[in-house]
file input-v6.csv (CSV, C-alpha atoms)
chain,number,residue,atom,x,y,z
A,1,MET,CA,27.1,248.3,39.6
A,2,ALA,CA,23.9,250.3,39.8
A,3,GLY,CA,24.3,253.2,42.3
A,4,SER,CA,28.1,253.5,41.6
A,5,LYS,CA,28.1,256.1,38.9
A,6,TRP,CA,27.7,253.5,36.1
A,7,THR,CA,28.0,254.9,32.6
A,8,ALA,CA,27.6,253.6,29.1
A,9,ASP,CA,31.4,253.1,29.0
A,10,SER,CA,30.8,250.2,31.4
A,11,ILE,CA,28.7,248.2,28.9
A,12,PRO,CA,30.4,244.9,28.2
A,13,ASP,CA,31.2,243.6,24.7
A,14,LEU,CA,28.0,242.8,22.8
A,15,ASN,CA,29.5,241.3,19.7
A,16,GLY,CA,27.3,238.4,18.5
A,17,ARG,CA,24.2,239.7,20.2
A,18,THR,CA,21.1,241.2,18.6
A,19,VAL,CA,19.2,244.0,20.3
A,20,VAL,CA,15.8,245.2,19.2
A,21,VAL,CA,14.9,248.8,20.3
A,22,THR,CA,11.5,250.2,19.8
A,23,GLY,CA,11.2,253.9,19.1
A,24,ALA,CA,14.8,253.9,18.1
A,25,ASN,CA,14.8,257.0,15.8
A,26,SER,CA,14.9,259.6,18.6
A,27,GLY,CA,15.4,260.3,22.3
A,28,LEU,CA,16.0,257.5,24.7
A,29,GLY,CA,15.6,254.9,21.9
A,30,HIS,CA,18.2,256.5,19.7
A,31,ALA,CA,20.6,256.9,22.7
A,32,THR,CA,20.2,253.3,23.6
A,33,SER,CA,20.7,252.1,20.0
A,34,ARG,CA,23.8,254.2,19.7
A,35,GLU,CA,25.4,252.8,22.8
A,36,VAL,CA,24.7,249.1,22.2
A,37,ALA,CA,25.9,249.5,18.7
A,38,ARG,CA,29.1,251.1,20.0
A,39,HIS,CA,29.7,248.0,22.0
A,40,GLY,CA,29.3,245.6,19.1
A,41,ALA,CA,25.6,244.6,19.1
A,42,HIS,CA,23.6,244.1,15.9
A,43,VAL,CA,20.8,246.7,16.4
A,44,VAL,CA,17.4,246.5,15.0
A,45,LEU,CA,15.9,250.0,15.0
A,46,ALA,CA,12.1,249.4,15.2
A,47,VAL,CA,10.4,252.6,14.1
A,48,ARG,CA,7.1,253.8,12.9
A,49,ASP,CA,8.6,256.1,10.3
A,50,GLU,CA,11.3,254.3,8.3
A,51,ALA,CA,12.7,257.5,6.8
A,52,LYS,CA,13.3,258.9,10.3
A,53,GLY,CA,14.8,255.5,11.2
A,54,ARG,CA,17.2,255.6,8.3
A,55,ARG,CA,18.3,259.1,9.3
A,56,ALA,CA,18.8,257.8,12.9
A,57,ALA,CA,20.9,254.9,11.7
A,58,ALA,CA,23.0,257.2,9.5
A,59,ALA,CA,23.6,259.4,12.5
A,60,ILE,CA,24.8,256.5,14.5
A,61,SER,CA,27.0,255.3,11.7
A,62,ASP,CA,28.6,258.7,11.4
A,63,VAL,CA,30.0,258.5,14.9
A,64,GLN,CA,30.4,254.7,14.9
A,65,PRO,CA,31.6,253.6,11.5
A,66,GLY,CA,30.9,249.9,10.9
A,67,ALA,CA,28.0,249.8,13.3
A,68,ARG,CA,25.7,246.9,12.5
A,69,LEU,CA,22.3,248.5,12.1
A,70,GLU,CA,19.0,247.7,10.4
A,71,VAL,CA,15.8,249.6,10.3
A,72,ARG,CA,12.4,247.8,10.4
A,73,ARG,CA,9.0,249.4,10.5
A,74,LEU,CA,6.9,248.9,13.6
A,75,ASP,CA,3.8,250.8,14.6
A,76,LEU,CA,3.0,249.6,18.1
A,77,ALA,CA,-0.5,251.1,18.0
A,78,ASP,CA,-1.4,248.9,15.1
A,79,LEU,CA,-1.5,245.2,16.0
A,80,ASP,CA,-1.2,244.2,12.3
A,81,SER,CA,2.1,246.1,12.2
A,82,VAL,CA,3.3,244.3,15.4
A,83,ARG,CA,2.5,240.9,13.9
A,84,ALA,CA,4.2,241.8,10.6
A,85,PHE,CA,7.4,243.0,12.4
A,86,ALA,CA,7.5,239.8,14.5
A,87,ALA,CA,7.0,237.7,11.4
A,88,GLY,CA,9.9,239.5,9.7
A,89,MET,CA,12.2,238.9,12.7
A,90,HIS,CA,11.4,235.2,12.5
A,91,GLN,CA,12.0,235.1,8.8
A,92,SER,CA,15.3,237.0,9.1
A,93,GLY,CA,17.1,234.2,11.0
A,94,LEU,CA,18.7,236.8,13.2
A,95,GLY,CA,17.4,235.8,16.6
A,96,VAL,CA,16.8,238.3,19.4
A,97,ASP,CA,18.9,238.5,22.6
A,98,VAL,CA,17.5,241.8,24.1
A,99,LEU,CA,14.2,243.5,23.5
A,100,VAL,CA,14.0,247.1,24.7
A,101,ASN,CA,10.4,248.1,24.9
A,102,ASN,CA,11.1,251.8,24.8
A,103,ALA,CA,8.7,253.5,22.4
A,104,GLY,CA,5.9,255.7,23.7
A,105,VAL,CA,3.5,258.5,23.2
A,106,MET,CA,2.7,261.0,25.8
A,107,ALA,CA,-0.5,262.9,26.6
A,108,PRO,CA,-2.1,263.6,23.2
A,109,PRO,CA,-5.7,264.6,22.8
A,110,ARG,CA,-8.1,261.6,23.1
A,111,THR,CA,-7.4,259.4,20.0
A,112,LEU,CA,-8.5,255.9,19.2
A,113,ASN,CA,-6.6,253.6,16.9
A,114,ARG,CA,-8.3,251.7,14.1
A,115,HIS,CA,-8.9,248.8,16.6
A,116,GLY,CA,-10.9,251.2,18.8
A,117,GLN,CA,-8.3,251.4,21.5
A,118,GLU,CA,-7.0,254.6,23.2
A,119,VAL,CA,-3.6,255.2,21.6
A,120,GLN,CA,-1.5,255.6,24.7
A,121,PHE,CA,-2.8,252.3,26.2
A,122,ALA,CA,-2.5,250.7,22.7
A,123,GLY,CA,1.0,251.9,21.8
A,124,ASN,CA,2.7,252.1,25.2
A,125,HIS,CA,1.3,248.9,26.6
A,126,LEU,CA,-0.7,246.6,24.3
A,127,GLY,CA,1.8,246.9,21.4
A,128,HIS,CA,4.7,246.0,23.6
A,129,PHE,CA,2.7,243.2,25.3
A,130,ALA,CA,2.0,241.7,21.9
A,131,LEU,CA,5.5,242.2,20.6
A,132,THR,CA,7.1,240.6,23.6
A,133,GLY,CA,4.8,237.6,23.3
A,134,LEU,CA,5.4,237.1,19.6
A,135,LEU,CA,9.2,237.3,20.0
A,136,LEU,CA,9.5,235.3,23.2
A,137,ASP,CA,10.5,232.1,21.4
A,138,LEU,CA,13.4,234.0,19.7
A,139,LEU,CA,14.4,235.5,23.0
A,140,ARG,CA,14.3,232.1,24.8
A,141,ALA,CA,16.9,230.9,22.3
A,142,GLY,CA,19.1,234.0,22.7
A,143,ARG,CA,22.3,234.5,24.7
A,144,ASP,CA,21.6,236.1,28.1
A,145,PRO,CA,18.1,237.1,26.9
A,146,ARG,CA,16.3,240.0,28.4
A,147,VAL,CA,13.2,242.1,28.0
A,148,VAL,CA,13.5,245.6,29.2
A,149,THR,CA,10.3,247.6,29.6
A,150,VAL,CA,10.7,251.3,29.9
A,151,THR,CA,8.1,253.1,32.1
A,152,SER,CA,8.0,256.4,33.9
A,153,ASP,CA,8.1,257.5,37.6
A,154,LEU,CA,4.7,258.9,36.8
A,155,HIS,CA,3.3,255.4,37.2
A,156,HIS,CA,3.3,256.1,40.9
A,157,GLY,CA,-0.3,256.8,42.1
A,158,ALA,CA,-1.8,255.6,38.8
A,159,ARG,CA,-4.2,252.7,38.2
A,160,ILE,CA,-5.8,250.8,35.3
A,161,HIS,CA,-9.3,252.2,34.4
A,162,PHE,CA,-10.7,248.8,33.6
A,163,ASP,CA,-14.2,250.3,33.3
A,164,ASP,CA,-13.2,253.1,31.0
A,165,LEU,CA,-10.1,252.0,29.0
A,166,THR,CA,-10.8,254.2,26.1
A,167,GLY,CA,-11.6,257.4,28.1
A,168,ALA,CA,-15.1,257.5,26.7
A,169,ARG,CA,-16.5,258.7,30.1
A,170,TRP,CA,-13.6,260.9,31.2
A,171,TYR,CA,-10.4,261.4,29.3
A,172,ALA,CA,-7.5,263.5,30.7
A,173,PRO,CA,-4.2,263.2,28.7
A,174,MET,CA,-1.8,262.8,31.6
A,175,ARG,CA,-4.2,260.5,33.5
A,176,PHE,CA,-4.2,258.1,30.6
A,177,TYR,CA,-0.5,258.4,30.0
A,178,ARG,CA,0.1,257.5,33.6
A,179,GLN,CA,-2.3,254.5,33.2
A,180,SER,CA,-0.2,253.2,30.3
A,181,LYS,CA,3.0,253.6,32.3
A,182,PHE,CA,1.4,251.8,35.3
A,183,ALA,CA,0.4,249.0,32.9
A,184,ASN,CA,4.1,248.8,31.8
A,185,VAL,CA,5.2,248.1,35.3
A,186,VAL,CA,2.4,245.6,36.1
A,187,PHE,CA,3.2,243.8,32.8
A,188,ALA,CA,6.9,243.6,33.4
A,189,LEU,CA,6.6,242.3,36.9
A,190,GLU,CA,4.0,239.7,36.0
A,191,LEU,CA,6.1,238.6,33.0
A,192,ASP,CA,9.0,238.1,35.5
A,193,ARG,CA,6.8,235.9,37.6
A,194,ARG,CA,5.6,233.8,34.7
A,195,LEU,CA,9.1,233.4,33.2
A,196,ARG,CA,10.4,232.3,36.6
A,197,ALA,CA,7.5,229.8,37.0
A,198,ALA,CA,8.3,228.4,33.5
A,199,ASP,CA,12.1,228.2,34.4
A,200,SER,CA,12.8,230.4,31.4
A,201,PRO,CA,16.2,231.9,30.8
A,202,VAL,CA,14.6,235.2,29.7
A,203,ARG,CA,14.7,238.0,32.3
A,204,SER,CA,12.1,240.7,32.5
A,205,LEU,CA,13.4,244.0,33.8
A,206,LEU,CA,12.1,247.6,34.2
A,207,ALA,CA,13.7,251.0,33.8
A,208,HIS,CA,12.6,254.6,33.9
A,209,PRO,CA,14.6,257.6,32.7
A,210,GLY,CA,13.6,260.2,35.3
A,211,PHE,CA,12.9,263.6,33.8
A,212,SER,CA,14.7,263.5,30.4
A,213,ALA,CA,14.6,266.0,27.6
A,214,THR,CA,13.2,264.2,24.6
A,215,ASN,CA,10.6,264.9,21.9
A,216,LEU,CA,8.1,262.7,23.9
A,217,GLN,CA,7.1,265.7,26.0
A,218,THR,CA,6.5,268.0,23.0
A,219,SER,CA,5.1,265.7,20.3
A,220,GLY,CA,2.0,264.7,22.3
A,221,PRO,CA,0.9,267.4,24.8
A,222,THR,CA,-1.0,270.4,23.5
A,223,GLY,CA,-2.0,273.8,25.0
A,224,LEU,CA,-1.1,274.7,28.6
A,225,LEU,CA,0.1,271.1,29.3
A,226,ARG,CA,2.7,271.5,26.5
A,227,THR,CA,3.8,274.9,27.9
A,228,PHE,CA,4.1,273.5,31.4
A,229,VAL,CA,6.1,270.4,30.3
A,230,THR,CA,8.4,272.5,28.1
A,231,LEU,CA,9.2,274.9,30.9
A,232,GLY,CA,9.9,272.0,33.3
A,233,ARG,CA,12.1,270.3,30.7
A,234,GLY,CA,14.3,273.4,30.5
A,235,LEU,CA,14.7,273.7,34.3
A,236,LEU,CA,14.9,270.1,35.5
A,237,ALA,CA,15.5,267.6,32.7
A,238,GLN,CA,18.7,265.7,31.9
A,239,ASP,CA,19.6,264.9,28.4
A,240,ALA,CA,18.6,261.7,26.6
A,241,ALA,CA,22.0,260.1,26.9
A,242,ALA,CA,21.8,260.3,30.7
A,243,GLY,CA,18.1,259.3,30.7
A,244,ALA,CA,18.9,256.1,28.7
A,245,LEU,CA,21.4,254.9,31.3
A,246,PRO,CA,18.9,252.9,33.5
A,247,GLN,CA,17.6,251.0,30.4
A,248,LEU,CA,21.1,250.4,29.2
A,249,TYR,CA,22.1,249.1,32.6
A,250,ALA,CA,19.0,246.7,32.6
A,251,ALA,CA,19.8,245.6,29.0
A,252,THR,CA,23.5,244.9,29.4
A,253,ALA,CA,24.9,244.8,33.0
A,254,PRO,CA,25.9,241.2,33.8
A,255,ALA,CA,24.6,240.9,37.4
A,256,VAL,CA,20.9,242.0,36.9
A,257,GLU,CA,18.1,239.8,38.1
A,258,GLY,CA,14.6,239.4,36.6
A,259,GLY,CA,12.1,241.7,38.2
A,260,GLN,CA,14.6,244.4,39.0
A,261,PHE,CA,13.7,248.1,38.3
A,262,PHE,CA,16.3,250.7,37.6
A,263,GLY,CA,16.0,254.5,37.6
A,264,PRO,CA,18.1,257.6,38.4
A,265,ASP,CA,19.7,257.9,41.8
A,266,GLY,CA,19.2,261.6,42.2
A,267,PHE,CA,16.5,263.6,44.0
A,268,ARG,CA,13.1,262.1,43.5
A,269,GLU,CA,14.6,259.9,40.8
A,270,LEU,CA,14.5,262.8,38.4
A,271,ARG,CA,18.1,262.5,37.2
A,272,GLY,CA,21.4,260.8,38.0
A,273,TYR,CA,23.1,257.4,37.6
A,274,PRO,CA,21.3,254.1,37.5
A,275,THR,CA,20.3,252.5,40.7
A,276,THR,CA,17.6,250.0,41.8
A,277,VAL,CA,14.2,251.7,42.5
A,278,ARG,CA,10.9,250.5,43.8
A,279,PRO,CA,7.6,250.3,41.8
A,280,ASP,CA,4.4,251.7,43.2
A,281,PRO,CA,3.1,249.0,45.6
A,282,ALA,CA,-0.2,248.8,43.7
A,283,ALA,CA,1.7,247.6,40.6
A,284,GLU,CA,2.7,244.5,42.5
A,285,ASP,CA,-0.9,243.4,43.2
A,286,PRO,CA,-1.4,239.9,41.8
A,287,GLU,CA,-5.1,240.5,41.1
A,288,THR,CA,-4.4,243.6,39.1
A,289,ALA,CA,-1.7,241.7,37.2
A,290,ARG,CA,-4.1,238.8,36.5
A,291,ARG,CA,-6.8,241.1,35.2
A,292,LEU,CA,-4.4,243.2,33.0
A,293,TRP,CA,-2.8,240.1,31.6
A,294,GLN,CA,-6.1,238.5,30.6
A,295,LEU,CA,-7.4,241.8,29.2
A,296,SER,CA,-4.2,242.2,27.2
A,297,GLU,CA,-4.4,238.7,25.7
A,298,ASP,CA,-8.0,239.3,24.8
A,299,LEU,CA,-7.4,242.7,23.1
A,300,THR,CA,-4.2,241.6,21.3
A,301,GLY,CA,-5.1,238.0,20.5
A,302,VAL,CA,-1.5,237.1,21.7
A,303,SER,CA,-1.3,234.2,24.1
A,304,TYR,CA,2.0,233.5,26.0
A,305,ALA,CA,1.0,229.9,26.9
A,306,THR,CA,2.9,228.1,24.1
A,307,ALA,CA,6.0,230.3,24.3
A,308,LEU,CA,6.2,229.9,28.1
A,309,SER,CA,5.7,226.2,28.1
A,310,ALA,CA,8.0,225.3,25.3
call {"tool": "encode", "arguments": {"input": "input-v6.csv", "output": "structure tokens"}}
result
Amino acid sequence: MAGSKWTADSIPDLNGRTVVVTGANSGLGHATSREVARHGAHVVLAVRDEAKGRRAAAAISDVQPGARLEVRRLDLADLDSVRAFAAGMHQSGLGVDVLVNNAGVMAPPRTLNRHGQEVQFAGNHLGHFALTGLLLDLLRAGRDPRVVTVTSDLHHGARIHFDDLTGARWYAPMRFYRQSKFANVVFALELDRRLRAADSPVRSLLAHPGFSATNLQTSGPTGLLRTFVTLGRGLLAQDAAAGALPQLYAATAPAVEGGQFFGPDGFRELRGYPTTVRPDPAAEDPETARRLWQLSEDLTGVSYATALSA
């Protein structure tokens, strides 16, 4: 159980189950894909760069011959790509048992996607909001279905800048990264409430990796921020395999309940084995959840009403 030095060796048999992992070509996503494949799952590596995805799949196959893997393109900052990915999953006949909303971008200079949305809010939150809604019917038909949304302990103290979502007035890279991670928590908790109200078998769970050494910290930040993050990584971070344990626990452990949040059990949740942790109290505010949900539906054009009521 969480808090008892749970490791990936404790993952149960996943044969017959399909797991979709976003951002699966590197870091936490790659570690998650590798471990669920090792335990028998059919893994869909959802990646923005298919060439990198194929290399990641090959690396998994090298250590796990016979792993059932497929690579599909998904750019979470592009809603057309999200819709195309979801349509492809419906057409494949595969079904989905677990969706791991893992992909993310961290602290780049202010950038807008082609829809005019700030890329961190778009890719880290809106893309996953849309993807989850578009796959919810497949998840509902799955076996022990779950949505695991990966956030960060940096969501603590953050908020949604409803009056400046794109950073047009004041953009700071980490401020908007933290906003997107706060949105992840608000979304996952509200999804849990709505799934419970609809008596859905799907469970919504949260995880954060603590401070883990991945390319997330170096691919986005620039200048002094990049230097600071790189130094901190060398001193404090655990590796991606350890960082992925909370999301693996949420995705596979038999006894989890919807709405639970898992992170490392060490000092300040920076590293360690999976345990239950608490979200920032502000992320549990119903009015914030209502506003973010409505905003997300408006910006993505994805409504959950039909999938939740079916």
call {"tool": "residues_around", "arguments": {"input": "input-v6.csv", "residues": "Ser296 (chain A)", "least_positions_apart": "5", "cutoff": "9 Å", "atoms": "only C-alpha atoms", "output": "list of chain:residue names"}}
result
A:His125, A:Leu126, A:Phe129, A:Ala130, A:Arg291, A:Gly301, A:Val302
call {"tool": "closest_residue", "arguments": {"input": "input-v6.csv", "among": "A:Glu70, A:Gly133, A:Ala87, A:Ala251", "to": "Thr300 (chain A)", "atoms": "only C-alpha atoms"}}
result
A:Gly133
call {"tool": "closest_residue", "arguments": {"input": "input-v6.csv", "among": "A:Ala46, A:Val20, A:Leu79, A:Leu292", "to": "Phe187 (chain A)", "atoms": "all atoms listed in the file"}}
result
A:Leu292
call {"tool": "closest_residue", "arguments": {"input": "input-v6.csv", "among": "A:Leu139, A:Ala67, A:Val185, A:Ala213", "to": "Ala240 (chain A)", "atoms": "only C-alpha atoms"}}
result
A:Ala213
call {"tool": "residues_around", "arguments": {"input": "input-v6.csv", "residues": "region 26-43 of chain A", "least_positions_apart": "3", "cutoff": "6 Å", "atoms": "all atoms listed in the file", "output": "PyMOL selection string"}}
result
chain A and resi 13-15+17-20+23+60+67-69+214+240-241+244
call {"tool": "closest_residue", "arguments": {"input": "input-v6.csv", "among": "A:Val148, A:Leu134, A:Ala103, A:Val202", "to": "Gly88 (chain A)", "atoms": "all atoms listed in the file"}}
result
A:Leu134
call {"tool": "atom_distance", "arguments": {"input": "input-v6.csv", "atom1": "CA of Thr132 (chain A)", "atom2": "CA of Ala56 (chain A)"}}
result
23.4 Å
call {"tool": "closest_residue", "arguments": {"input": "input-v6.csv", "among": "A:Leu76, A:Leu195, A:Leu112, A:Leu270", "to": "Ser152 (chain A)", "atoms": "all atoms listed in the file"}}
result
A:Leu270
call {"tool": "closest_residue", "arguments": {"input": "input-v6.csv", "among": "A:Val119, A:Ala158, A:Ala283, A:Ala207", "to": "Leu248 (chain A)", "atoms": "all atoms listed in the file"}}
result
A:Ala207
call {"tool": "atom_distance", "arguments": {"input": "input-v6.csv", "atom1": "CA of Leu135 (chain A)", "atom2": "CA of Pro274 (chain A)"}}
result
27.1 Å
call {"tool": "atom_distance", "arguments": {"input": "input-v6.csv", "atom1": "CA of Asp9 (chain A)", "atom2": "CA of Gln238 (chain A)"}}
result
18.1 Å
call {"tool": "residues_around", "arguments": {"input": "input-v6.csv", "residues": "Val100 (chain A)", "least_positions_apart": "2", "cutoff": "7 Å", "atoms": "all atoms listed in the file", "output": "PyMOL selection string"}}
result
chain A and resi 20-22+98+102+147-149
call {"tool": "residues_around", "arguments": {"input": "input-v6.csv", "residues": "Ala282 (chain A)", "least_positions_apart": "6", "cutoff": "9 Å", "atoms": "all atoms listed in the file", "output": "list in words"}}
result
His156, Gly157, Ala158, Arg159, Val186 and Thr288 of chain A
call {"tool": "write_last_selection", "arguments": {"input": "input-v6.csv", "atoms": "C-alpha atoms", "output": "CSV table (one decimal), in the coordinates of the input"}}
result
chain,number,residue,atom,x,y,z
A,156,HIS,CA,3.3,256.1,40.9
A,157,GLY,CA,-0.3,256.8,42.1
A,158,ALA,CA,-1.8,255.6,38.8
A,159,ARG,CA,-4.2,252.7,38.2
A,186,VAL,CA,2.4,245.6,36.1
A,288,THR,CA,-4.4,243.6,39.1
call {"tool": "residues_near_point", "arguments": {"input": "input-v6.csv", "point": "(6.2, 234.7, 34.5)", "cutoff": "12 Å", "atoms": "only C-alpha atoms", "output": "PyMOL selection string"}}
result
chain A and resi 133+136+186-205+258-259+286+289-290+293+304-305+307-309
call {"tool": "residues_around", "arguments": {"input": "input-v6.csv", "residues": "Arg271 (chain A)", "least_positions_apart": "4", "cutoff": "7 Å", "atoms": "all atoms listed in the file", "output": "list in words"}}
result
Gly210, Phe211, Gln238, Pro264, Asp265 and Gly266 of chain A
call {"tool": "write_last_selection", "arguments": {"input": "input-v6.csv", "atoms": "C-alpha atoms", "output": "PDB file, in the coordinates of the input"}}
result
ATOM      1  CA  GLY A 210      13.600 260.200  35.300  1.00  0.00           C
ATOM      2  CA  PHE A 211      12.900 263.600  33.800  1.00  0.00           C
ATOM      3  CA  GLN A 238      18.700 265.700  31.900  1.00  0.00           C
ATOM      4  CA  PRO A 264      18.100 257.600  38.400  1.00  0.00           C
ATOM      5  CA  ASP A 265      19.700 257.900  41.800  1.00  0.00           C
ATOM      6  CA  GLY A 266      19.200 261.600  42.200  1.00  0.00           C
TER       7      GLY A 266
END
call {"tool": "build_atoms", "arguments": {"input": "input-v6.csv", "residues": "region 185-194 of chain A", "atoms": "all heavy atoms", "output": "PDB file, in the coordinates of the input"}}
result
ATOM      1  N   VAL A 185       4.551 248.673  34.138  1.00  0.00           N
ATOM      2  CA  VAL A 185       5.200 248.100  35.300  1.00  0.00           C
ATOM      3  C   VAL A 185       4.446 246.792  35.732  1.00  0.00           C
ATOM      4  O   VAL A 185       5.104 245.785  36.021  1.00  0.00           O
ATOM      5  CB  VAL A 185       5.104 249.107  36.507  1.00  0.00           C
ATOM      6  CG1 VAL A 185       5.729 248.505  37.768  1.00  0.00           C
ATOM      7  CG2 VAL A 185       5.833 250.395  36.134  1.00  0.00           C
ATOM      8  N   VAL A 186       3.133 246.821  35.727  1.00  0.00           N
ATOM      9  CA  VAL A 186       2.400 245.600  36.100  1.00  0.00           C
ATOM     10  C   VAL A 186       2.747 244.474  35.113  1.00  0.00           C
ATOM     11  O   VAL A 186       2.978 243.329  35.536  1.00  0.00           O
ATOM     12  CB  VAL A 186       0.861 245.880  36.015  1.00  0.00           C
ATOM     13  CG1 VAL A 186       0.073 244.593  36.254  1.00  0.00           C
ATOM     14  CG2 VAL A 186       0.476 246.926  37.058  1.00  0.00           C
ATOM     15  N   PHE A 187       2.821 244.788  33.819  1.00  0.00           N
ATOM     16  CA  PHE A 187       3.200 243.800  32.800  1.00  0.00           C
ATOM     17  C   PHE A 187       4.550 243.191  33.057  1.00  0.00           C
ATOM     18  O   PHE A 187       4.737 241.973  33.071  1.00  0.00           O
ATOM     19  CB  PHE A 187       3.091 244.383  31.416  1.00  0.00           C
ATOM     20  CG  PHE A 187       3.851 243.619  30.368  1.00  0.00           C
ATOM     21  CD1 PHE A 187       3.507 242.317  30.046  1.00  0.00           C
ATOM     22  CD2 PHE A 187       4.935 244.205  29.719  1.00  0.00           C
ATOM     23  CE1 PHE A 187       4.224 241.599  29.083  1.00  0.00           C
ATOM     24  CE2 PHE A 187       5.656 243.495  28.760  1.00  0.00           C
ATOM     25  CZ  PHE A 187       5.297 242.186  28.448  1.00  0.00           C
ATOM     26  N   ALA A 188       5.555 244.047  33.227  1.00  0.00           N
ATOM     27  CA  ALA A 188       6.900 243.600  33.400  1.00  0.00           C
ATOM     28  C   ALA A 188       7.107 242.698  34.602  1.00  0.00           C
ATOM     29  O   ALA A 188       7.821 241.685  34.576  1.00  0.00           O
ATOM     30  CB  ALA A 188       7.899 244.730  33.371  1.00  0.00           C
ATOM     31  N   LEU A 189       6.463 243.081  35.700  1.00  0.00           N
ATOM     32  CA  LEU A 189       6.600 242.300  36.900  1.00  0.00           C
ATOM     33  C   LEU A 189       5.846 240.956  36.798  1.00  0.00           C
ATOM     34  O   LEU A 189       6.337 239.922  37.271  1.00  0.00           O
ATOM     35  CB  LEU A 189       6.019 243.088  38.109  1.00  0.00           C
ATOM     36  CG  LEU A 189       6.806 244.348  38.486  1.00  0.00           C
ATOM     37  CD1 LEU A 189       6.102 245.091  39.623  1.00  0.00           C
ATOM     38  CD2 LEU A 189       8.243 244.019  38.869  1.00  0.00           C
ATOM     39  N   GLU A 190       4.683 240.969  36.156  1.00  0.00           N
ATOM     40  CA  GLU A 190       4.000 239.700  36.000  1.00  0.00           C
ATOM     41  C   GLU A 190       4.707 238.819  34.961  1.00  0.00           C
ATOM     42  O   GLU A 190       4.751 237.591  35.128  1.00  0.00           O
ATOM     43  CB  GLU A 190       2.544 239.989  35.457  1.00  0.00           C
ATOM     44  CG  GLU A 190       1.715 238.731  35.176  1.00  0.00           C
ATOM     45  CD  GLU A 190       1.456 237.863  36.391  1.00  0.00           C
ATOM     46  OE1 GLU A 190       1.715 238.296  37.542  1.00  0.00           O
ATOM     47  OE2 GLU A 190       0.976 236.728  36.198  1.00  0.00           O
ATOM     48  N   LEU A 191       5.313 239.416  33.945  1.00  0.00           N
ATOM     49  CA  LEU A 191       6.100 238.600  33.000  1.00  0.00           C
ATOM     50  C   LEU A 191       7.269 237.962  33.755  1.00  0.00           C
ATOM     51  O   LEU A 191       7.573 236.780  33.515  1.00  0.00           O
ATOM     52  CB  LEU A 191       6.650 239.520  31.896  1.00  0.00           C
ATOM     53  CG  LEU A 191       7.555 238.838  30.861  1.00  0.00           C
ATOM     54  CD1 LEU A 191       6.824 237.707  30.134  1.00  0.00           C
ATOM     55  CD2 LEU A 191       8.085 239.862  29.858  1.00  0.00           C
ATOM     56  N   ASP A 192       7.899 238.679  34.657  1.00  0.00           N
ATOM     57  CA  ASP A 192       9.000 238.100  35.500  1.00  0.00           C
ATOM     58  C   ASP A 192       8.458 236.880  36.238  1.00  0.00           C
ATOM     59  O   ASP A 192       9.106 235.821  36.265  1.00  0.00           O
ATOM     60  CB  ASP A 192       9.545 239.126  36.414  1.00  0.00           C
ATOM     61  CG  ASP A 192      10.535 238.517  37.401  1.00  0.00           C
ATOM     62  OD1 ASP A 192      11.565 237.980  36.965  1.00  0.00           O
ATOM     63  OD2 ASP A 192      10.258 238.565  38.616  1.00  0.00           O
ATOM     64  N   ARG A 193       7.303 237.025  36.871  1.00  0.00           N
ATOM     65  CA  ARG A 193       6.800 235.900  37.600  1.00  0.00           C
ATOM     66  C   ARG A 193       6.489 234.692  36.745  1.00  0.00           C
ATOM     67  O   ARG A 193       6.786 233.549  37.120  1.00  0.00           O
ATOM     68  CB  ARG A 193       5.463 236.332  38.350  1.00  0.00           C
ATOM     69  CG  ARG A 193       5.674 237.269  39.525  1.00  0.00           C
ATOM     70  CD  ARG A 193       4.398 237.502  40.305  1.00  0.00           C
ATOM     71  NE  ARG A 193       3.504 238.419  39.637  1.00  0.00           N
ATOM     72  CZ  ARG A 193       3.461 239.736  39.845  1.00  0.00           C
ATOM     73  NH1 ARG A 193       4.295 240.292  40.708  1.00  0.00           N
ATOM     74  NH2 ARG A 193       2.594 240.490  39.214  1.00  0.00           N
ATOM     75  N   ARG A 194       5.937 234.950  35.573  1.00  0.00           N
ATOM     76  CA  ARG A 194       5.600 233.800  34.700  1.00  0.00           C
ATOM     77  C   ARG A 194       6.860 233.200  34.070  1.00  0.00           C
ATOM     78  O   ARG A 194       6.919 231.977  33.875  1.00  0.00           O
ATOM     79  CB  ARG A 194       4.655 234.327  33.583  1.00  0.00           C
ATOM     80  CG  ARG A 194       3.294 234.722  34.147  1.00  0.00           C
ATOM     81  CD  ARG A 194       2.307 235.157  33.089  1.00  0.00           C
ATOM     82  NE  ARG A 194       1.043 235.558  33.706  1.00  0.00           N
ATOM     83  CZ  ARG A 194      -0.150 235.122  33.332  1.00  0.00           C
ATOM     84  NH1 ARG A 194      -0.274 234.282  32.315  1.00  0.00           N
ATOM     85  NH2 ARG A 194      -1.245 235.542  33.951  1.00  0.00           N
TER      86      ARG A 194
END
